[in-house]
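**Student:** Okay, handing you the structure first.
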Amino acid sequence: MRSLNFKAGDVIIILSIAYDMVKHTLNHLCSTVGVKVVVLPVWFPGKGRPPVSDSNQTILQAIESAIRSNPTTKLVSMCHISSTPAIILPVAEVVALCKRHGVLSLIDGAHSIGQIGVDIHSLAALGMDFWVGNIHKWMYGPKGSAVMWMKPTFQEKVVPPVISSAYTTGVTPGQSNYLSRFQYTGTRDYSAWCSIGASIDFRSAVGEEDIRSWNLKLSKWAQDYLAKLWKTEILVPPEMTAMMSHTRLPEKIKRKEEVRWLTKCLLEQYGIFVVIFSLVNQNGEESYWTRLSAQIFLEESDIIHFGNTVLKLIENLPQHSNL
């Protein structure tokens with residue numbers, strides 16, 4: 001984003017569920033360049049219903065309304081699969097929308113590679129300008145391994161955060177300077193990059209479709225099972241759920257202190273870690289949810305154990321003064 005020569009008054013649109021790193025980067029651009037960031041609220045009505053924005057607009061409708069209301073909009077940045085909550089977003093439709101309005105699109109695919117199919121060529125054909133994604137999450141690579149794609153027209157404009165000795169501005173015959181500028185960035189350890197092939201080989205050996213099928217099936221089974229066990233609800237429709245699914249915690253959990261106590265007990269007493277997060281609806285009511293990550297080393301018995309352990313723990317939920 002820092003390479004795109006934004007100027008004061010330019011508008012960048014994101015969703016309220018954008019990853020914090022994106023928000024921090026945009027805050028930096030606000031303070032240094034003077035861009036305006038429009039954050040579209042995303043509300044979750046729960047009970048397996050799709051999220052909405054203000055005035056009950058769909059996310060796509062909200063983005064189009066924001067573009068129309070802000071004529072200086074230069075960029076829309078959106079996750080392919082958000083982090084918390086983790087939902088599949090309509091990136092193809094958003095990319096096409098941006099193309100129609102002459103606005104750049106940047107897709108944050110950190111959670112999408114390895115969870116769902118990602119067709120860069122199709123998205124590029126729709127007009128996508130930038131796509132970035134991580135290998136260290138669902139592709140089973142180490143931290144520091146990632147992917148960045150952009151339209152060729154931007155490749156000579158975007159520079160790495162570290163300007164190293166291999167940085168060139170001229171044209172090198174037979175080699176893209178886009179690659180040379182990014183492939184050598186000083187004394188960093190390149191082993192994470194070199195391991196990407198091994199990650200792909202591992203997934204091929206296990207079976208790419210087998211991994212996806214198992215994780216997707218387990219994820220959706222888990223949220224339904226827990227909702228029934230805890231007598232609560234799932235968050236979004238199955239078609240918006242990949243390998244991270246969400247179930248509302250039992251009604252007995254009502255406060256942040258109780259969430260911290262439950263998280264600590266699960267980890268320290270049972271060796272179970274799960275993301276628990278809060279959502280506030282349009283009426284200001286707060287609720288607490290699990291974000292369960294299905295993986296090939298988990299099976300239904302693990303989910304059953306987790307669900308029953310939560311019920312066992314909250315039977316002895318301490319009083320407020322003891323938390």
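Ligands are numbered from 1 in the order shown, residues from 1 within each chain, and chains are lettered A, B, ... in the order they appear in the structure tokens.
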Write out as a list in words the residues lying within 10 Å of range 298-313 of chain A, counting only C-alpha atoms and excluding same-chain residues fewer than 4 positions away.
**Tutor:**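 Selected residues are Trp214, Asn215, Leu218, Ser219, Trp221, Ala222, Gln223, Tyr225, Leu226, Ala227, Leu229, Trp230, Leu249, Pro250, Lys252, Trp261, Leu262, Thr263, Cys265, Leu266, Tyr270, Ile272, Phe273, Val274, Leu292, Ser293, Ala294, Leu317 and Pro318 of chain A.
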**Student:** Could the residues in this selection be written to a file with N, CA and C atoms, as a PDB file, in the first residue's frame?
**Tutor:**
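So result-v3.pdb came out as:
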ATOM      1  N   TRP A 214     -11.631 -33.673   4.379  1.00  0.00           N
ATOM      2  CA  TRP A 214     -11.673 -34.032   5.796  1.00  0.00           C
ATOM      3  C   TRP A 214     -11.892 -32.793   6.662  1.00  0.00           C
ATOM      4  N   ASN A 215     -11.085 -31.752   6.414  1.00  0.00           N
ATOM      5  CA  ASN A 215     -11.161 -30.563   7.253  1.00  0.00           C
ATOM      6  C   ASN A 215     -12.500 -29.830   7.108  1.00  0.00           C
ATOM      7  N   LEU A 218     -15.221 -31.927   8.830  1.00  0.00           N
ATOM      8  CA  LEU A 218     -15.083 -31.884  10.279  1.00  0.00           C
ATOM      9  C   LEU A 218     -15.489 -30.520  10.834  1.00  0.00           C
ATOM     10  N   SER A 219     -15.094 -29.467  10.139  1.00  0.00           N
ATOM     11  CA  SER A 219     -15.416 -28.110  10.573  1.00  0.00           C
ATOM     12  C   SER A 219     -16.929 -27.905  10.683  1.00  0.00           C
ATOM     13  N   TRP A 221     -19.315 -30.239  10.664  1.00  0.00           N
ATOM     14  CA  TRP A 221     -19.913 -31.173  11.631  1.00  0.00           C
ATOM     15  C   TRP A 221     -19.708 -30.649  13.049  1.00  0.00           C
ATOM     16  N   ALA A 222     -18.523 -30.113  13.327  1.00  0.00           N
ATOM     17  CA  ALA A 222     -18.189 -29.660  14.683  1.00  0.00           C
ATOM     18  C   ALA A 222     -19.105 -28.536  15.138  1.00  0.00           C
ATOM     19  N   GLN A 223     -19.334 -27.549  14.277  1.00  0.00           N
ATOM     20  CA  GLN A 223     -20.168 -26.429  14.715  1.00  0.00           C
ATOM     21  C   GLN A 223     -21.609 -26.872  14.973  1.00  0.00           C
ATOM     22  N   TYR A 225     -22.544 -29.962  15.847  1.00  0.00           N
ATOM     23  CA  TYR A 225     -22.534 -30.814  17.035  1.00  0.00           C
ATOM     24  C   TYR A 225     -22.488 -29.967  18.306  1.00  0.00           C
ATOM     25  N   LEU A 226     -21.582 -28.989  18.337  1.00  0.00           N
ATOM     26  CA  LEU A 226     -21.437 -28.159  19.533  1.00  0.00           C
ATOM     27  C   LEU A 226     -22.686 -27.318  19.788  1.00  0.00           C
ATOM     28  N   ALA A 227     -23.285 -26.805  18.718  1.00  0.00           N
ATOM     29  CA  ALA A 227     -24.510 -26.009  18.888  1.00  0.00           C
ATOM     30  C   ALA A 227     -25.626 -26.850  19.521  1.00  0.00           C
ATOM     31  N   LEU A 229     -25.085 -29.654  21.372  1.00  0.00           N
ATOM     32  CA  LEU A 229     -24.652 -30.040  22.721  1.00  0.00           C
ATOM     33  C   LEU A 229     -24.836 -28.899  23.708  1.00  0.00           C
ATOM     34  N   TRP A 230     -24.463 -27.701  23.283  1.00  0.00           N
ATOM     35  CA  TRP A 230     -24.511 -26.541  24.178  1.00  0.00           C
ATOM     36  C   TRP A 230     -25.861 -25.814  24.146  1.00  0.00           C
ATOM     37  N   LEU A 249     -20.918 -19.977  22.611  1.00  0.00           N
ATOM     38  CA  LEU A 249     -20.686 -20.648  23.885  1.00  0.00           C
ATOM     39  C   LEU A 249     -21.987 -20.781  24.669  1.00  0.00           C
ATOM     40  N   PRO A 250     -22.031 -21.709  25.620  1.00  0.00           N
ATOM     41  CA  PRO A 250     -23.234 -21.848  26.450  1.00  0.00           C
ATOM     42  C   PRO A 250     -23.615 -20.522  27.109  1.00  0.00           C
ATOM     43  N   LYS A 252     -24.311 -19.647  29.907  1.00  0.00           N
ATOM     44  CA  LYS A 252     -23.775 -19.350  31.237  1.00  0.00           C
ATOM     45  C   LYS A 252     -22.553 -18.439  31.162  1.00  0.00           C
ATOM     46  N   TRP A 261     -11.195 -17.062  32.185  1.00  0.00           N
ATOM     47  CA  TRP A 261     -11.100 -18.216  33.095  1.00  0.00           C
ATOM     48  C   TRP A 261     -11.263 -19.514  32.321  1.00  0.00           C
ATOM     49  N   LEU A 262     -12.250 -19.585  31.432  1.00  0.00           N
ATOM     50  CA  LEU A 262     -12.501 -20.804  30.660  1.00  0.00           C
ATOM     51  C   LEU A 262     -11.318 -21.118  29.752  1.00  0.00           C
ATOM     52  N   THR A 263     -10.791 -20.112  29.064  1.00  0.00           N
ATOM     53  CA  THR A 263      -9.647 -20.323  28.174  1.00  0.00           C
ATOM     54  C   THR A 263      -8.444 -20.851  28.939  1.00  0.00           C
ATOM     55  N   CYS A 265      -8.443 -22.477  31.878  1.00  0.00           N
ATOM     56  CA  CYS A 265      -8.698 -23.836  32.362  1.00  0.00           C
ATOM     57  C   CYS A 265      -8.554 -24.870  31.251  1.00  0.00           C
ATOM     58  N   LEU A 266      -9.076 -24.554  30.079  1.00  0.00           N
ATOM     59  CA  LEU A 266      -8.969 -25.488  28.953  1.00  0.00           C
ATOM     60  C   LEU A 266      -7.514 -25.782  28.628  1.00  0.00           C
ATOM     61  N   TYR A 270      -6.398 -29.181  30.518  1.00  0.00           N
ATOM     62  CA  TYR A 270      -6.727 -30.204  29.535  1.00  0.00           C
ATOM     63  C   TYR A 270      -5.880 -30.128  28.265  1.00  0.00           C
ATOM     64  N   ILE A 272      -6.062 -27.985  25.881  1.00  0.00           N
ATOM     65  CA  ILE A 272      -6.930 -27.602  24.754  1.00  0.00           C
ATOM     66  C   ILE A 272      -6.829 -26.102  24.530  1.00  0.00           C
ATOM     67  N   PHE A 273      -6.524 -25.714  23.310  1.00  0.00           N
ATOM     68  CA  PHE A 273      -6.549 -24.291  22.975  1.00  0.00           C
ATOM     69  C   PHE A 273      -7.553 -24.062  21.858  1.00  0.00           C
ATOM     70  N   VAL A 274      -8.404 -23.093  22.062  1.00  0.00           N
ATOM     71  CA  VAL A 274      -9.362 -22.708  21.035  1.00  0.00           C
ATOM     72  C   VAL A 274      -9.544 -21.199  21.128  1.00  0.00           C
ATOM     73  N   LEU A 292     -13.307 -22.688  15.941  1.00  0.00           N
ATOM     74  CA  LEU A 292     -12.641 -23.986  15.942  1.00  0.00           C
ATOM     75  C   LEU A 292     -11.964 -24.221  14.595  1.00  0.00           C
ATOM     76  N   SER A 293     -10.687 -24.570  14.631  1.00  0.00           N
ATOM     77  CA  SER A 293      -9.924 -24.838  13.408  1.00  0.00           C
ATOM     78  C   SER A 293      -9.825 -26.345  13.199  1.00  0.00           C
ATOM     79  N   ALA A 294     -10.451 -26.848  12.149  1.00  0.00           N
ATOM     80  CA  ALA A 294     -10.395 -28.279  11.832  1.00  0.00           C
ATOM     81  C   ALA A 294      -9.078 -28.588  11.123  1.00  0.00           C
ATOM     82  N   LEU A 317     -18.296 -22.840  37.445  1.00  0.00           N
ATOM     83  CA  LEU A 317     -17.879 -21.478  37.136  1.00  0.00           C
ATOM     84  C   LEU A 317     -17.791 -20.666  38.419  1.00  0.00           C
ATOM     85  N   PRO A 318     -16.600 -20.105  38.723  1.00  0.00           N
ATOM     86  CA  PRO A 318     -16.452 -19.347  39.983  1.00  0.00           C
ATOM     87  C   PRO A 318     -17.327 -18.106  40.010  1.00  0.00           C
TER      88      PRO A 318
END
**Student:** Using 12 Å as the limit and counting only C-alpha atoms, can you tabulate each residue of range 70-141 of chain A that touches range 235-239 of chain A, with its shortest atom-to-atom distance in Å and the two atoms involved, as a tab-separated table?
**Tutor:**
residue	atom	partner	partner_atom	distance
A:Thr84	CA	A:Leu235	CA	11.6
A:Pro85	CA	A:Leu235	CA	8.8
A:Ala86	CA	A:Val236	CA	9.6
A:Ile87	CA	A:Val236	CA	7.7
A:Ile88	CA	A:Glu239	CA	7.8
A:Leu89	CA	A:Glu239	CA	10.0
A:Pro90	CA	A:Glu239	CA	11.0
A:Ile116	CA	A:Glu239	CA	11.5
**Student:** Show me a table, sorted first by chain and then by increasing residue number, of the residues of range 80-139 of chain A having an atom at most 12 Å from range 181-200 of chain A, each with its shortest atom pair and the distance in Å to one decimal, counting only C-alpha atoms and written as CSV.
**Tutor:**
residue,atom,partner,partner_atom,distance
A:Ile113,CA,A:Ile200,CA,11.2
A:Gly114,CA,A:Ile200,CA,9.9
A:Asn134,CA,A:Ile196,CA,10.6
A:Ile135,CA,A:Ile196,CA,7.3
A:His136,CA,A:Ala192,CA,9.0
A:Lys137,CA,A:Ser199,CA,11.0
A:Trp138,CA,A:Ser199,CA,10.1
A:Met139,CA,A:Ser199,CA,6.5
**Student:** Please dump the current selection as a short mmCIF file (atom, residue, chain, number, x, y, z; two decimals), in the first residue's frame; keep all heavy atoms.
**Tutor:**
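Here's the written file result.cif:
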data_model
loop_
_atom_site.label_atom_id
_atom_site.label_comp_id
_atom_site.auth_asym_id
_atom_site.auth_seq_id
_atom_site.Cartn_x
_atom_site.Cartn_y
_atom_site.Cartn_z
N ILE A 113 -5.42 -19.92 1.05
CA ILE A 113 -4.64 -21.00 0.45
C ILE A 113 -4.65 -22.21 1.39
O ILE A 113 -4.28 -22.12 2.55
CB ILE A 113 -3.17 -20.59 0.21
CG1 ILE A 113 -3.06 -19.31 -0.58
CG2 ILE A 113 -2.42 -21.69 -0.51
CD1 ILE A 113 -1.62 -18.89 -0.84
N GLY A 114 -5.06 -23.34 0.88
CA GLY A 114 -5.12 -24.55 1.68
C GLY A 114 -6.49 -24.82 2.27
O GLY A 114 -6.79 -25.95 2.64
N ASN A 134 -0.62 -16.27 2.75
CA ASN A 134 0.39 -16.93 3.57
C ASN A 134 0.44 -18.43 3.29
O ASN A 134 -0.58 -19.06 3.06
CB ASN A 134 0.11 -16.72 5.06
CG ASN A 134 0.47 -15.32 5.51
OD1 ASN A 134 1.38 -14.71 4.98
ND2 ASN A 134 -0.25 -14.80 6.48
N ILE A 135 1.65 -18.97 3.37
CA ILE A 135 1.84 -20.43 3.28
C ILE A 135 1.88 -21.05 4.67
O ILE A 135 1.62 -22.23 4.84
CB ILE A 135 3.14 -20.74 2.51
CG1 ILE A 135 3.13 -20.09 1.12
CG2 ILE A 135 3.35 -22.24 2.36
CD1 ILE A 135 2.04 -20.60 0.21
N HIS A 136 2.19 -20.25 5.68
CA HIS A 136 2.43 -20.83 7.01
C HIS A 136 1.15 -21.17 7.77
O HIS A 136 1.21 -21.76 8.84
CB HIS A 136 3.28 -19.88 7.87
CG HIS A 136 2.53 -18.72 8.46
ND1 HIS A 136 2.50 -17.47 7.88
CD2 HIS A 136 1.79 -18.61 9.59
CE1 HIS A 136 1.78 -16.66 8.61
NE2 HIS A 136 1.33 -17.32 9.66
N LYS A 137 -0.01 -20.82 7.22
CA LYS A 137 -1.24 -21.15 7.92
C LYS A 137 -1.77 -22.52 7.47
O LYS A 137 -1.44 -23.54 8.03
CB LYS A 137 -2.28 -20.05 7.71
CG LYS A 137 -1.88 -18.70 8.33
CD LYS A 137 -2.92 -17.66 8.11
CE LYS A 137 -2.50 -16.31 8.70
NZ LYS A 137 -2.47 -16.30 10.17
N TRP A 138 -2.55 -22.54 6.41
CA TRP A 138 -3.25 -23.77 6.02
C TRP A 138 -2.51 -24.60 5.00
O TRP A 138 -2.95 -25.69 4.65
CB TRP A 138 -4.65 -23.41 5.53
CG TRP A 138 -5.45 -22.81 6.63
CD1 TRP A 138 -5.55 -21.49 6.96
CD2 TRP A 138 -6.21 -23.51 7.61
NE1 TRP A 138 -6.33 -21.32 8.07
CE2 TRP A 138 -6.76 -22.55 8.49
CE3 TRP A 138 -6.50 -24.86 7.83
CZ2 TRP A 138 -7.56 -22.89 9.56
CZ3 TRP A 138 -7.31 -25.20 8.89
CH2 TRP A 138 -7.83 -24.23 9.74
N MET A 139 -1.36 -24.10 4.53
CA MET A 139 -0.53 -24.90 3.61
C MET A 139 0.56 -25.67 4.35
O MET A 139 1.35 -26.37 3.74
CB MET A 139 0.10 -23.99 2.56
CG MET A 139 -0.84 -23.57 1.45
SD MET A 139 -1.34 -24.94 0.39
CE MET A 139 0.20 -25.31 -0.44
#
**Student:** Write out as a VMD selection string each polymer residue whose atoms come within 8 Å of range 26-33 of chain A, counting only C-alpha atoms; drop sequence neighbours fewer than 2 positions from it.
**Tutor:** chain A and resid 2 6 to 8 22 to 24 35 to 37
**Student:** Of the candidates A:Ser82, A:Gly102, A:Pro51, A:Lys217, which one gets nearest to Arg291 in chain A if we count only C-alpha atoms?
**Tutor:**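 Among A:Ser82, A:Gly102, A:Pro51, A:Lys217, it is A:Ser82 that comes nearest to Arg291 in chain A.
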**Student:** Quick one: residues within 7 Å of Phe277 in chain A, only C-alpha atoms, excluding same-chain residues fewer than 4 positions away - as a ChimeraX atom specification?
**Tutor:** /A:288-290
**Student:** Could you tell me how far CA of Ala110 in chain A sits from CA of Ala124 in chain A, in Å to one decimal place?
**Tutor:**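 CA of Ala124 in chain A sits 17.4 Å away from CA of Ala110 in chain A.
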**Student:** Enumerate, as a ChimeraX atom specification, the complete set of residues in range 199-265 of chain A that a backbone-based DSSP assignment places in alpha helix (DSSP H).
**Tutor:** /A:199-206,208-230,256-265
**Student:** Can you tell me, as a VMD selection string, which residues in range 168-274 of chain A count as strand (DSSP E) by DSSP?
**Tutor:** chain A and resid 244 to 248
**Student:** Print the selection's residues with N, CA, C and O atoms to a file, as a PDB file, in the first residue's frame.
**Tutor:**
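File written: result-v5.pdb
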ATOM      1  N   MET A 244     -12.583 -23.159   9.428  1.00  0.00           N
ATOM      2  CA  MET A 244     -12.758 -22.541  10.740  1.00  0.00           C
ATOM      3  C   MET A 244     -14.246 -22.265  10.928  1.00  0.00           C
ATOM      4  O   MET A 244     -14.849 -21.538  10.138  1.00  0.00           O
ATOM      5  N   SER A 245     -14.817 -22.868  11.942  1.00  0.00           N
ATOM      6  CA  SER A 245     -16.266 -22.738  12.158  1.00  0.00           C
ATOM      7  C   SER A 245     -16.544 -22.145  13.532  1.00  0.00           C
ATOM      8  O   SER A 245     -15.672 -22.102  14.404  1.00  0.00           O
ATOM      9  N   HIS A 246     -17.785 -21.711  13.718  1.00  0.00           N
ATOM     10  CA  HIS A 246     -18.116 -20.947  14.913  1.00  0.00           C
ATOM     11  C   HIS A 246     -19.387 -21.460  15.583  1.00  0.00           C
ATOM     12  O   HIS A 246     -20.397 -21.674  14.906  1.00  0.00           O
ATOM     13  N   THR A 247     -19.297 -21.617  16.889  1.00  0.00           N
ATOM     14  CA  THR A 247     -20.463 -21.977  17.693  1.00  0.00           C
ATOM     15  C   THR A 247     -20.514 -21.051  18.901  1.00  0.00           C
ATOM     16  O   THR A 247     -19.479 -20.761  19.513  1.00  0.00           O
ATOM     17  N   ARG A 248     -21.700 -20.599  19.223  1.00  0.00           N
ATOM     18  CA  ARG A 248     -21.853 -19.740  20.395  1.00  0.00           C
ATOM     19  C   ARG A 248     -21.640 -20.553  21.665  1.00  0.00           C
ATOM     20  O   ARG A 248     -22.121 -21.685  21.785  1.00  0.00           O
TER      21      ARG A 248
END
**Student:** Between A:Ser165, A:Asp119, A:Thr232, A:Gly48, which is the closest to Lys220 in chain A once you count only C-alpha atoms?
**Tutor:**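 Of A:Ser165, A:Asp119, A:Thr232, A:Gly48, the one nearest Lys220 in chain A is A:Gly48, counting only C-alpha atoms.
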**Student:** Do you have the CA of Leu279 in chain A-CA of Phe44 in chain A distance handy?
**Tutor:** 7.7 Å
